[in-house]
>>> print(open('target_2.csv').read())   # CSV, C-alpha atoms and all ligand atoms
chain,number,residue,atom,x,y,z
A,1377,MET,CA,-5.8,-6.4,-26.7
A,1378,VAL,CA,-9.5,-6.4,-26.0
A,1379,ALA,CA,-11.8,-4.7,-28.5
A,1380,ALA,CA,-13.9,-1.9,-27.0
A,1381,THR,CA,-17.3,-3.2,-26.1
A,1382,ASN,CA,-20.2,-2.1,-23.9
A,1383,GLU,CA,-19.0,-4.1,-20.9
A,1384,TYR,CA,-16.2,-6.5,-20.2
A,1385,PRO,CA,-17.0,-9.9,-18.6
A,1386,THR,CA,-14.0,-10.5,-16.3
A,1387,LYS,CA,-12.6,-13.3,-14.2
A,1388,ALA,CA,-11.7,-12.3,-10.7
A,1389,TYR,CA,-11.1,-13.7,-7.2
A,1390,GLY,CA,-13.1,-12.4,-4.3
A,1391,ALA,CA,-14.7,-13.0,-0.9
A,1392,THR,CA,-18.5,-13.3,-0.2
A,1393,SER,CA,-18.4,-13.2,3.6
A,1394,PRO,CA,-15.8,-12.9,6.4
A,1395,GLU,CA,-15.5,-16.7,6.5
A,1396,SER,CA,-15.6,-17.5,2.7
A,1397,GLY,CA,-12.0,-17.0,1.9
A,1398,VAL,CA,-11.1,-15.6,-1.5
A,1399,GLY,CA,-12.2,-17.7,-4.5
A,1400,PRO,CA,-13.1,-17.5,-8.2
A,1401,MET,CA,-15.8,-14.9,-9.0
A,1402,ASP,CA,-17.2,-13.5,-12.3
A,1403,ILE,CA,-17.5,-9.8,-12.5
A,1404,THR,CA,-18.3,-7.2,-15.2
A,1405,ARG,CA,-16.2,-4.2,-15.9
A,1406,ARG,CA,-18.1,-1.2,-17.2
A,1407,GLY,CA,-18.0,-0.1,-20.8
A,1408,LEU,CA,-15.6,2.8,-21.3
A,1409,ARG,CA,-16.7,6.3,-20.5
A,1410,ASP,CA,-15.1,9.0,-22.5
A,1411,ASP,CA,-12.3,9.5,-19.9
A,1412,ASP,CA,-11.8,5.8,-19.0
A,1413,VAL,CA,-8.8,3.6,-19.6
A,1414,LEU,CA,-9.1,-0.2,-19.8
A,1415,ILE,CA,-6.1,-2.0,-18.2
A,1416,GLU,CA,-5.2,-5.6,-18.8
A,1417,ILE,CA,-3.7,-6.5,-15.5
A,1418,SER,CA,-0.4,-8.3,-15.6
A,1419,HIS,CA,0.4,-8.3,-11.8
A,1420,CYS,CA,-1.2,-7.3,-8.5
A,1421,GLY,CA,0.6,-7.1,-5.2
A,1422,ILE,CA,-1.0,-8.6,-2.0
A,1423,CYS,CA,-1.3,-6.0,0.7
A,1424,HIS,CA,-2.2,-6.8,4.3
A,1425,SER,CA,-5.2,-4.5,3.8
A,1426,ASP,CA,-6.5,-7.0,1.3
A,1427,LEU,CA,-6.6,-9.6,4.0
A,1428,HIS,CA,-8.1,-7.2,6.6
A,1429,SER,CA,-10.8,-6.3,4.0
A,1430,ALA,CA,-11.6,-9.8,2.9
A,1431,ARG,CA,-12.1,-10.8,6.5
A,1432,ASN,CA,-13.9,-7.6,7.5
A,1433,ASP,CA,-11.3,-6.9,10.3
A,1434,TRP,CA,-12.2,-3.2,10.1
A,1435,GLY,CA,-16.0,-3.6,10.1
A,1436,PHE,CA,-16.7,-1.7,6.8
A,1437,THR,CA,-16.4,-4.4,4.1
A,1438,LYS,CA,-19.4,-4.7,1.9
A,1439,TYR,CA,-19.6,-8.1,0.2
A,1440,PRO,CA,-18.9,-9.4,-2.3
A,1441,ILE,CA,-15.4,-7.9,-2.4
A,1442,VAL,CA,-12.6,-8.3,-4.9
A,1443,PRO,CA,-9.4,-7.1,-3.2
A,1444,GLY,CA,-6.2,-5.8,-4.8
A,1445,HIS,CA,-4.8,-2.3,-5.0
A,1446,GLU,CA,-1.3,-2.8,-6.2
A,1447,ILE,CA,-2.2,-3.0,-9.9
A,1448,VAL,CA,0.1,-2.9,-12.9
A,1449,GLY,CA,-0.7,-3.7,-16.5
A,1450,THR,CA,-1.0,-2.5,-20.1
A,1451,VAL,CA,-3.6,-0.2,-21.6
A,1452,GLY,CA,-6.0,-2.3,-23.7
A,1453,ALA,CA,-8.4,0.4,-24.8
A,1454,ILE,CA,-9.2,4.0,-24.1
A,1455,GLY,CA,-12.3,6.2,-24.1
A,1456,GLU,CA,-12.8,8.9,-26.8
A,1457,ALA,CA,-11.5,11.8,-24.7
A,1458,VAL,CA,-8.5,10.2,-23.1
A,1459,THR,CA,-5.3,12.1,-23.6
A,1460,ARG,CA,-2.9,10.9,-20.9
A,1461,HIS,CA,-2.6,7.2,-21.9
A,1462,ALA,CA,-2.4,5.2,-25.2
A,1463,VAL,CA,-3.1,1.6,-26.0
A,1464,GLY,CA,0.0,-0.5,-25.1
A,1465,ASP,CA,1.3,1.9,-22.3
A,1466,ARG,CA,2.6,0.3,-19.1
A,1467,VAL,CA,0.4,1.7,-16.4
A,1468,ALA,CA,-0.6,1.3,-12.8
A,1469,ILE,CA,-3.4,1.9,-10.3
A,1470,GLY,CA,-3.1,2.2,-6.5
A,1471,CYS,CA,-5.6,2.4,-3.7
A,1472,MET,CA,-8.0,4.9,-5.3
A,1473,VAL,CA,-9.9,5.1,-8.6
A,1474,ASP,CA,-11.6,8.5,-8.2
A,1475,SER,CA,-12.2,11.6,-6.0
A,1476,CYS,CA,-13.9,14.9,-6.6
A,1477,LEU,CA,-10.7,16.6,-7.9
A,1478,GLU,CA,-12.1,20.0,-6.8
A,1479,CYS,CA,-12.1,20.3,-3.0
A,1480,ASN,CA,-9.3,22.0,-1.1
A,1481,HIS,CA,-7.5,18.7,-0.5
A,1482,CYS,CA,-7.8,17.4,-4.0
A,1483,ASP,CA,-6.5,20.9,-5.1
A,1484,ARG,CA,-3.4,20.3,-3.0
A,1485,ASP,CA,-2.8,16.9,-4.8
A,1486,LEU,CA,-4.0,15.1,-1.7
A,1487,GLU,CA,-6.8,13.2,-3.4
A,1488,GLN,CA,-6.6,10.4,-0.8
A,1489,TYR,CA,-8.1,12.9,1.7
A,1490,CYS,CA,-10.9,14.1,-0.7
A,1491,LEU,CA,-13.4,16.2,1.3
A,1492,ASP,CA,-16.3,15.2,-0.9
A,1493,GLY,CA,-17.1,11.8,0.5
A,1494,GLY,CA,-13.5,10.6,0.6
A,1495,MET,CA,-11.5,9.0,-2.1
A,1496,THR,CA,-13.2,6.2,-4.1
A,1497,GLY,CA,-11.4,3.1,-3.1
A,1498,THR,CA,-10.1,0.7,-5.8
A,1499,TYR,CA,-12.2,-1.9,-4.1
A,1500,ASN,CA,-15.0,-1.8,-1.5
A,1501,GLY,CA,-15.8,1.6,-2.9
A,1502,ILE,CA,-18.9,3.1,-4.7
A,1503,ASP,CA,-18.5,4.5,-8.2
A,1504,ARG,CA,-19.2,8.2,-8.0
A,1505,GLN,CA,-21.2,8.2,-11.3
A,1506,ASP,CA,-23.4,5.1,-11.3
A,1507,GLY,CA,-23.3,3.9,-7.7
A,1508,SER,CA,-21.9,0.5,-8.6
A,1509,LYS,CA,-19.4,-1.3,-6.4
A,1510,THR,CA,-15.7,-1.0,-7.2
A,1511,PHE,CA,-13.7,-4.2,-7.5
A,1512,GLY,CA,-10.0,-4.5,-7.2
A,1513,GLY,CA,-7.0,-6.0,-8.9
A,1514,TYR,CA,-7.4,-9.7,-8.2
A,1515,SER,CA,-8.9,-9.8,-11.7
A,1516,GLU,CA,-8.0,-9.9,-15.4
A,1517,ARG,CA,-8.7,-6.3,-16.2
A,1518,ILE,CA,-10.0,-3.0,-14.7
A,1519,VAL,CA,-11.6,0.2,-16.0
A,1520,CYS,CA,-10.5,3.5,-14.4
A,1521,ARG,CA,-10.8,7.2,-15.0
A,1522,GLU,CA,-7.6,8.4,-16.7
A,1523,GLU,CA,-6.4,10.8,-14.0
A,1524,PHE,CA,-6.1,7.9,-11.5
A,1525,VAL,CA,-3.9,5.8,-13.9
A,1526,LEU,CA,-0.2,6.3,-13.3
A,1527,ARG,CA,2.8,5.6,-15.6
A,1528,VAL,CA,5.2,2.8,-14.9
A,1529,PRO,CA,8.7,4.0,-15.8
A,1530,ASP,CA,10.4,1.7,-18.3
A,1531,ALA,CA,13.2,0.9,-15.8
A,1532,LEU,CA,10.8,-0.8,-13.5
A,1533,PRO,CA,9.9,-4.5,-14.1
A,1534,MET,CA,6.2,-4.9,-14.0
A,1535,ALA,CA,6.0,-7.6,-11.2
A,1536,GLU,CA,8.3,-5.5,-8.9
A,1537,ALA,CA,6.5,-2.3,-9.7
A,1538,ALA,CA,3.2,-3.6,-8.4
A,1539,PRO,CA,3.9,-3.3,-4.6
A,1540,LEU,CA,5.1,0.3,-5.1
A,1541,LEU,CA,1.4,1.3,-5.6
A,1542,CYS,CA,0.6,0.8,-2.0
A,1543,ALA,CA,3.5,-0.4,0.1
A,1544,GLY,CA,5.8,2.0,-1.7
A,1545,ILE,CA,3.7,5.1,-1.6
A,1546,THR,CA,2.5,4.6,1.9
A,1547,SER,CA,6.1,4.5,3.1
A,1548,TYR,CA,7.3,7.2,0.8
A,1549,SER,CA,4.7,9.8,1.6
A,1550,PRO,CA,5.4,10.2,5.4
A,1551,LEU,CA,9.1,10.2,4.7
A,1552,ARG,CA,8.6,13.2,2.4
A,1553,THR,CA,6.0,14.9,4.6
A,1554,TRP,CA,8.4,14.9,7.6
A,1555,ASN,CA,11.4,15.9,5.5
A,1556,VAL,CA,13.5,12.8,5.9
A,1557,GLY,CA,16.9,13.3,4.3
A,1558,PRO,CA,20.7,13.1,5.1
A,1559,GLY,CA,21.2,13.1,8.8
A,1560,SER,CA,17.7,12.0,9.7
A,1561,LYS,CA,17.4,9.1,12.1
A,1562,VAL,CA,14.4,6.9,11.0
A,1563,ALA,CA,13.1,3.8,12.7
A,1564,VAL,CA,10.8,1.4,10.9
A,1565,ALA,CA,8.6,-0.8,13.1
A,1566,GLY,CA,7.4,-4.0,11.5
A,1567,LEU,CA,9.5,-5.4,8.7
A,1568,GLY,CA,6.8,-6.5,6.2
A,1569,GLY,CA,5.6,-5.2,2.9
A,1570,LEU,CA,5.4,-1.6,3.9
A,1571,GLY,CA,8.3,-1.8,6.4
A,1572,HIS,CA,10.9,-3.2,3.9
A,1573,MET,CA,9.9,-0.4,1.4
A,1574,GLY,CA,10.3,2.1,4.2
A,1575,VAL,CA,13.8,0.9,4.9
A,1576,LYS,CA,14.9,1.0,1.3
A,1577,LEU,CA,13.3,4.4,0.6
A,1578,ALA,CA,14.6,6.1,3.8
A,1579,ALA,CA,18.1,4.8,3.1
A,1580,ALA,CA,17.9,6.1,-0.5
A,1581,MET,CA,16.9,9.5,0.9
A,1582,GLY,CA,20.1,9.5,3.0
A,1583,ALA,CA,18.7,8.7,6.4
A,1584,GLU,CA,20.2,6.5,9.1
A,1585,VAL,CA,17.7,3.6,9.2
A,1586,THR,CA,16.9,1.2,12.1
A,1587,VAL,CA,14.5,-1.7,11.9
A,1588,LEU,CA,12.4,-2.4,15.0
A,1589,SER,CA,11.1,-6.0,14.7
A,1590,ARG,CA,9.9,-8.9,16.8
A,1591,SER,CA,11.6,-11.3,14.4
A,1592,GLU,CA,15.2,-12.0,15.3
A,1593,SER,CA,15.4,-13.9,12.1
A,1594,LYS,CA,15.1,-10.6,10.1
A,1595,ARG,CA,18.3,-9.1,11.7
A,1596,VAL,CA,20.5,-10.2,8.8
A,1597,ASP,CA,17.9,-9.1,6.2
A,1598,ALA,CA,17.6,-5.7,7.7
A,1599,GLU,CA,21.2,-4.9,6.7
A,1600,LYS,CA,20.7,-6.3,3.2
A,1601,LEU,CA,17.7,-4.1,2.7
A,1602,GLY,CA,19.8,-1.0,3.6
A,1603,ALA,CA,19.2,-0.6,7.3
A,1604,HIS,CA,22.1,0.5,9.5
A,1605,ALA,CA,20.8,-1.1,12.7
A,1606,PHE,CA,18.3,-3.6,14.0
A,1607,LEU,CA,16.6,-3.6,17.4
A,1608,ASN,CA,14.6,-6.5,18.6
A,1609,SER,CA,11.4,-4.9,19.8
A,1610,SER,CA,10.9,-7.7,22.4
A,1611,ASP,CA,14.2,-6.9,24.1
A,1612,LYS,CA,13.6,-4.0,26.4
A,1613,SER,CA,17.3,-3.3,27.0
A,1614,GLU,CA,18.0,-2.9,23.3
A,1615,THR,CA,15.2,-0.4,22.8
A,1616,LYS,CA,15.8,1.4,26.1
A,1617,ALA,CA,19.3,2.2,24.9
A,1618,LYS,CA,17.8,4.2,22.0
A,1619,ALA,CA,15.4,6.4,24.0
A,1620,GLY,CA,15.2,9.9,22.6
A,1621,TYR,CA,17.2,9.0,19.5
A,1622,PHE,CA,14.9,9.0,16.4
A,1623,ASP,CA,13.4,11.9,14.3
A,1624,LEU,CA,10.7,9.6,12.9
A,1625,VAL,CA,9.2,6.2,13.6
A,1626,LEU,CA,7.3,4.7,10.7
A,1627,ASN,CA,5.0,2.3,12.5
A,1628,THR,CA,3.6,-0.4,10.1
A,1629,ILE,CA,2.4,-2.9,12.7
A,1630,PRO,CA,-1.0,-4.2,11.5
A,1631,VAL,CA,-2.7,-5.0,14.8
A,1632,ARG,CA,-3.8,-3.1,17.9
A,1633,HIS,CA,-0.8,-2.4,20.1
A,1634,ASP,CA,0.7,0.0,22.7
A,1635,VAL,CA,2.5,2.7,20.8
A,1636,THR,CA,4.1,4.2,24.0
A,1637,PRO,CA,7.5,2.3,23.6
A,1638,TYR,CA,7.9,3.9,20.2
A,1639,LEU,CA,7.1,7.4,21.5
A,1640,HIS,CA,9.9,6.9,24.1
A,1641,LEU,CA,12.3,6.4,21.2
A,1642,LEU,CA,11.6,9.8,19.7
A,1643,LYS,CA,13.7,13.0,20.2
A,1644,ILE,CA,11.9,16.1,21.2
A,1645,ASP,CA,9.6,17.0,18.3
A,1646,GLY,CA,10.1,13.6,16.9
A,1647,VAL,CA,7.2,12.1,15.0
A,1648,GLN,CA,5.6,8.6,15.2
A,1649,VAL,CA,3.5,8.0,12.1
A,1650,LEU,CA,1.0,5.2,12.3
A,1651,VAL,CA,0.3,3.6,9.0
A,1652,GLY,CA,-0.6,0.1,10.1
A,1653,MET,CA,-3.1,-0.2,12.9
A,1654,ILE,CA,-6.7,0.9,12.2
A,1655,ASP,CA,-8.3,0.3,15.6
A,1656,MET,CA,-8.8,1.7,19.0
A,1657,MET,CA,-5.5,2.3,20.7
A,1658,PRO,CA,-4.8,0.8,24.1
A,1659,GLU,CA,-4.9,3.6,26.7
A,1660,LEU,CA,-2.1,6.0,26.2
A,1661,HIS,CA,-0.7,8.0,29.2
A,1662,THR,CA,-0.4,11.5,27.7
A,1663,GLY,CA,2.6,12.3,29.9
A,1664,VAL,CA,4.8,10.8,27.2
A,1665,LEU,CA,3.4,13.3,24.7
A,1666,LEU,CA,4.4,16.2,27.0
A,1667,GLY,CA,8.0,15.4,26.1
A,1668,ARG,CA,7.0,17.1,22.8
A,1669,LYS,CA,6.5,13.9,20.9
A,1670,VAL,CA,4.1,13.9,17.9
A,1671,LEU,CA,1.8,11.0,17.3
A,1672,THR,CA,0.1,11.0,13.9
A,1673,GLY,CA,-1.0,8.9,11.0
A,1674,SER,CA,-0.8,8.9,7.2
A,1675,GLY,CA,-2.8,7.4,4.4
A,1676,ILE,CA,-1.2,6.3,1.1
A,1677,GLY,CA,-0.2,9.3,-1.0
A,1678,GLY,CA,-1.7,11.6,-3.7
A,1679,LEU,CA,-1.6,11.0,-7.4
A,1680,ALA,CA,1.3,13.3,-8.1
A,1681,GLU,CA,3.3,12.0,-5.2
A,1682,THR,CA,2.7,8.4,-6.3
A,1683,GLN,CA,4.0,9.2,-9.7
A,1684,GLU,CA,7.0,11.0,-8.1
A,1685,MET,CA,7.6,7.8,-6.0
A,1686,LEU,CA,7.5,5.6,-9.1
A,1687,ASP,CA,10.0,7.8,-10.8
A,1688,PHE,CA,12.2,8.0,-7.7
A,1689,CYS,CA,12.3,4.2,-7.5
A,1690,ALA,CA,13.2,4.0,-11.2
A,1691,GLU,CA,15.9,6.5,-10.8
A,1692,HIS,CA,17.4,5.0,-7.6
A,1693,GLU,CA,16.8,1.4,-8.7
A,1694,ILE,CA,14.7,0.6,-5.7
A,1695,LEU,CA,12.6,-2.5,-6.0
A,1696,PRO,CA,10.6,-4.5,-3.5
A,1697,ASP,CA,11.7,-8.0,-2.7
A,1698,ILE,CA,8.8,-10.1,-4.1
A,1699,GLU,CA,7.6,-13.7,-4.3
A,1700,THR,CA,5.4,-14.3,-7.3
A,1701,ILE,CA,2.4,-16.6,-7.0
A,1702,ALA,CA,-0.5,-17.9,-9.0
A,1703,MET,CA,-4.0,-16.4,-8.3
A,1704,GLN,CA,-5.1,-19.9,-7.2
A,1705,ASP,CA,-2.6,-19.8,-4.3
A,1706,ILE,CA,-4.1,-16.7,-2.7
A,1707,GLN,CA,-5.3,-18.5,0.5
A,1708,THR,CA,-1.8,-19.8,1.2
A,1709,ALA,CA,-0.4,-16.4,0.6
A,1710,PHE,CA,-2.8,-14.8,3.1
A,1711,ASP,CA,-2.0,-17.5,5.7
A,1712,ARG,CA,1.7,-16.9,5.2
A,1713,MET,CA,1.4,-13.1,5.3
A,1714,GLU,CA,-0.5,-13.4,8.6
A,1715,ALA,CA,2.3,-15.5,10.0
A,1716,SER,CA,4.9,-12.9,8.7
A,1717,ASP,CA,6.3,-15.6,6.5
A,1718,ILE,CA,7.0,-13.6,3.4
A,1719,LYS,CA,10.1,-11.7,2.3
A,1720,TYR,CA,8.6,-9.3,1.7
A,1721,ARG,CA,5.6,-9.0,-0.7
A,1722,PHE,CA,3.5,-11.5,-2.6
A,1723,VAL,CA,2.7,-10.5,-6.2
A,1724,ILE,CA,0.1,-12.4,-8.2
A,1725,ASP,CA,1.0,-13.2,-11.8
A,1726,MET,CA,-2.4,-12.5,-13.5
A,1727,ASP,CA,-1.7,-14.8,-16.4
A,1728,SER,CA,-2.5,-17.6,-13.9
A,1729,LEU,CA,-6.1,-16.3,-13.8
A,1730,ARG,CA,-6.3,-15.4,-17.4
A,1731,ASN,CA,-5.2,-18.8,-18.6
A,1732,SER,CA,-7.3,-20.8,-16.1
A,1801,LIG,P1,2.8,-7.2,6.4
A,1801,LIG,O1,3.5,-7.4,5.2
A,1801,LIG,O2,2.0,-8.3,7.0
A,1801,LIG,O3,3.8,-6.6,7.5
A,1801,LIG,C1,3.5,-6.3,8.8
A,1801,LIG,C2,4.7,-6.5,9.7
A,1801,LIG,O4,4.3,-6.1,11.0
A,1801,LIG,C3,5.1,-7.9,9.9
A,1801,LIG,O5,6.0,-8.4,8.9
A,1801,LIG,C4,5.7,-8.0,11.3
A,1801,LIG,O6,7.0,-7.5,11.2
A,1801,LIG,C5,4.8,-6.9,12.0
A,1801,LIG,N1,3.7,-7.6,12.7
A,1801,LIG,C6,2.8,-8.4,12.2
A,1801,LIG,N2,2.0,-8.9,13.1
A,1801,LIG,C7,2.4,-8.3,14.3
A,1801,LIG,C8,1.9,-8.3,15.6
A,1801,LIG,N3,0.9,-9.1,16.0
A,1801,LIG,N4,2.6,-7.6,16.6
A,1801,LIG,C9,3.6,-6.9,16.2
A,1801,LIG,N5,4.1,-6.8,15.0
A,1801,LIG,C10,3.5,-7.5,14.0
A,1801,LIG,O7,1.7,-6.0,6.3
A,1801,LIG,P2,1.8,-4.7,5.3
A,1801,LIG,O8,1.2,-5.1,4.0
A,1801,LIG,O9,3.1,-4.1,5.3
A,1801,LIG,O10,0.7,-3.7,6.0
A,1801,LIG,C11,1.0,-3.3,7.3
A,1801,LIG,C12,-0.2,-2.5,7.8
A,1801,LIG,O11,-0.4,-1.3,7.1
A,1801,LIG,C13,-1.6,-3.3,7.6
A,1801,LIG,O12,-2.4,-3.1,8.7
A,1801,LIG,C14,-2.2,-2.6,6.4
A,1801,LIG,O13,-3.6,-2.7,6.4
A,1801,LIG,C15,-1.7,-1.2,6.6
A,1801,LIG,N6,-1.7,-0.3,5.5
A,1801,LIG,C16,-2.0,1.0,5.6
A,1801,LIG,C17,-1.9,1.9,4.6
A,1801,LIG,C18,-2.2,3.3,4.8
A,1801,LIG,O14,-2.5,4.0,3.8
A,1801,LIG,N7,-2.0,3.9,6.0
A,1801,LIG,C19,-1.6,1.4,3.3
A,1801,LIG,C20,-1.3,0.1,3.2
A,1801,LIG,C21,-1.3,-0.8,4.2
A,1801,LIG,P3,8.2,-8.1,12.2
A,1801,LIG,O15,8.2,-9.6,11.9
A,1801,LIG,O16,9.3,-7.4,11.7
A,1801,LIG,O17,7.8,-7.8,13.6
A,1802,ZN,ZN,-2.4,-1.6,0.6
>>> encode(input="target_2.csv", output="structure tokens")
Amino acid sequence: MVAATNEYPTKAYGATSPESGVGPMDITRRGLRDDDVLIEISHCGICHSDLHSARNDWGFTKYPIVPGHEIVGTVGAIGEAVTRHAVGDRVAIGCMVDSCLECNHCDRDLEQYCLDGGMTGTYNGIDRQDGSKTFGGYSERIVCREEFVLRVPDALPMAEAAPLLCAGITSYSPLRTWNVGPGSKVAVAGLGGLGHMGVKLAAAMGAEVTVLSRSESKRVDAEKLGAHAFLNSSDKSETKAKAGYFDLVLNTIPVRHDVTPYLHLLKIDGVQVLVGMIDMMPELHTGVLLGRKVLTGSGIGGLAETQEMLDFCAEHEILPDIETIAMQDIQTAFDRMEASDIKYRFVIDMDSLRNS
């Protein structure tokens, strides 16, 4: 446990430019405000967004940046007014560390869509009170307002719990929003961190689940993860046979691509949810939408829904498939993630940083 001090010097890993890669960096965590919780991070998952952000793929990275928004750990200290968490509690932080908590969207437990300047990102964000930069979970510890700190149920091992904070909730939220349940036919495009959670969660909700993947090598895995079918997205005859079949396509593909083939797979009123690509779309002929197909997107999930998802995973024994790495191996992990050579989420053991 760390004694409460004014500030906390903290070891981290971050990037200083699009070309720098992610390397050791010293940062300072703020001294505790009355409503703050200090978390000693035990594990942090590696999301493809971390790689996009470190390299400035989306054009809005402000350097230096410390990625990491799949954070779990133990409460090390609390501010004077904190009531939700106690020292020693197993806790977690996802993609946001603050929002206004007052606007219409925050009122509806959709803090990720805060109308007052947007949610404050766990990294690459600006603290709403002092204007400082936010730094993420590739670090020993983090300080966060208590409302944005979630409980990790006892049934969830810490390392496996980490990816739930982004990959888990980003898949769970659209499945809930579009009422997936028994009888639903769900396709998951891209079998990576988000995709494999989408498969497990949709199957647990009772849906018939199909994986749409470029990687023939994942055909066997798809079934192990709980999918009922696998379609090789490069094989036009396989996908054509399922035209008009699905209620929901959860599209996790992280790069610019034509979404039209996935719209053809939808039933009337079926929904394609984009959670991966953040980019201009290649031109889309709207004729396909006139078949009453819905094309939409979804961003993470609100605080209450994220807690609900953690509790759901504990109750249904749903855990991501992870490979644990040392902080020092981050660059290799990024390279392998980009090559889709990970089954299915890297998780950093933060003792490797703490003890370095
Ligand atoms: P990931 O683990 O790298 O998985 C992405 C999967 O997409 C890959 O395993 C691969 O699956 C497929 N894929 C990769 N490159 C492709 C390409 N060039 N063409 C077609 N398919 C490709 O990534 P992730 O962590 O799941 O994240 C996926 C995306 O979601 C990222 O862009 C990330 O930034 C975004 N994201 C969004 C939110 C949100 O709130 N909306 C939250 C978290 C992440 P196959 O081998 O099966 O084809
Ligand atoms: Zn993420």
>>> closest_residue(input="target_2.csv", among="A:Arg1466, A:His1692, A:Val1473, A:Gly1512", to="Pro1529 in chain A", atoms="all atoms listed in the file")
A:Arg1466
>>> closest_residue(input="target_2.csv", among="A:Glu1478, A:Asp1705, A:Asp1697, A:Asp1485", to="Met1573 in chain A", atoms="only C-alpha atoms")
A:Asp1697
>>> closest_residue(input="target_2.csv", among="A:Gly1464, A:Pro1400, A:Gly1435, A:Pro1637", to="Ser1610 in chain A", atoms="all atoms listed in the file")
A:Pro1637
>>> residues_around(input="target_2.csv", residues="Arg1712 in chain A", least_positions_apart="2", cutoff="12 Å", atoms="only C-alpha atoms", output="tab-separated table (two decimals) with C-alpha atoms, keeping the file's coordinate frame")
chain	number	residue	atom	x	y	z
A	1422	ILE	CA	-1.00	-8.60	-2.00
A	1424	HIS	CA	-2.20	-6.80	4.30
A	1427	LEU	CA	-6.60	-9.60	4.00
A	1568	GLY	CA	6.80	-6.50	6.20
A	1699	GLU	CA	7.60	-13.70	-4.30
A	1705	ASP	CA	-2.60	-19.80	-4.30
A	1706	ILE	CA	-4.10	-16.70	-2.70
A	1707	GLN	CA	-5.30	-18.50	0.50
A	1708	THR	CA	-1.80	-19.80	1.20
A	1709	ALA	CA	-0.40	-16.40	0.60
A	1710	PHE	CA	-2.80	-14.80	3.10
A	1714	GLU	CA	-0.50	-13.40	8.60
A	1715	ALA	CA	2.30	-15.50	10.00
A	1716	SER	CA	4.90	-12.90	8.70
A	1717	ASP	CA	6.30	-15.60	6.50
A	1718	ILE	CA	7.00	-13.60	3.40
A	1719	LYS	CA	10.10	-11.70	2.30
A	1720	TYR	CA	8.60	-9.30	1.70
A	1721	ARG	CA	5.60	-9.00	-0.70
A	1722	PHE	CA	3.50	-11.50	-2.60
>>> residues_near_ligand(input="target_2.csv", ligand="ligand ZN 1802 (chain A)", cutoff="12 Å", atoms="only C-alpha atoms and all ligand atoms", output="PyMOL selection string")
chain A and resi 1420-1429+1443-1447+1469-1472+1497-1499+1512-1513+1538-1547+1568-1570+1628+1630+1651-1652+1675-1677+1721-1722
>>> atom_distance(input="target_2.csv", atom1="CA of Met1653 in chain A", atom2="atom C14 of ligand LIG 1801 (chain A)")
7.0 Å
>>> closest_residue(input="target_2.csv", among="A:Leu1650, A:Ala1462, A:Leu1729, A:Ala1619", to="ligand LIG 1801 (chain A)", atoms="all atoms listed in the file")
A:Leu1650
>>> atom_distance(input="target_2.csv", atom1="CA of Pro1394 in chain A", atom2="CA of Asp1711 in chain A")
14.6 Å
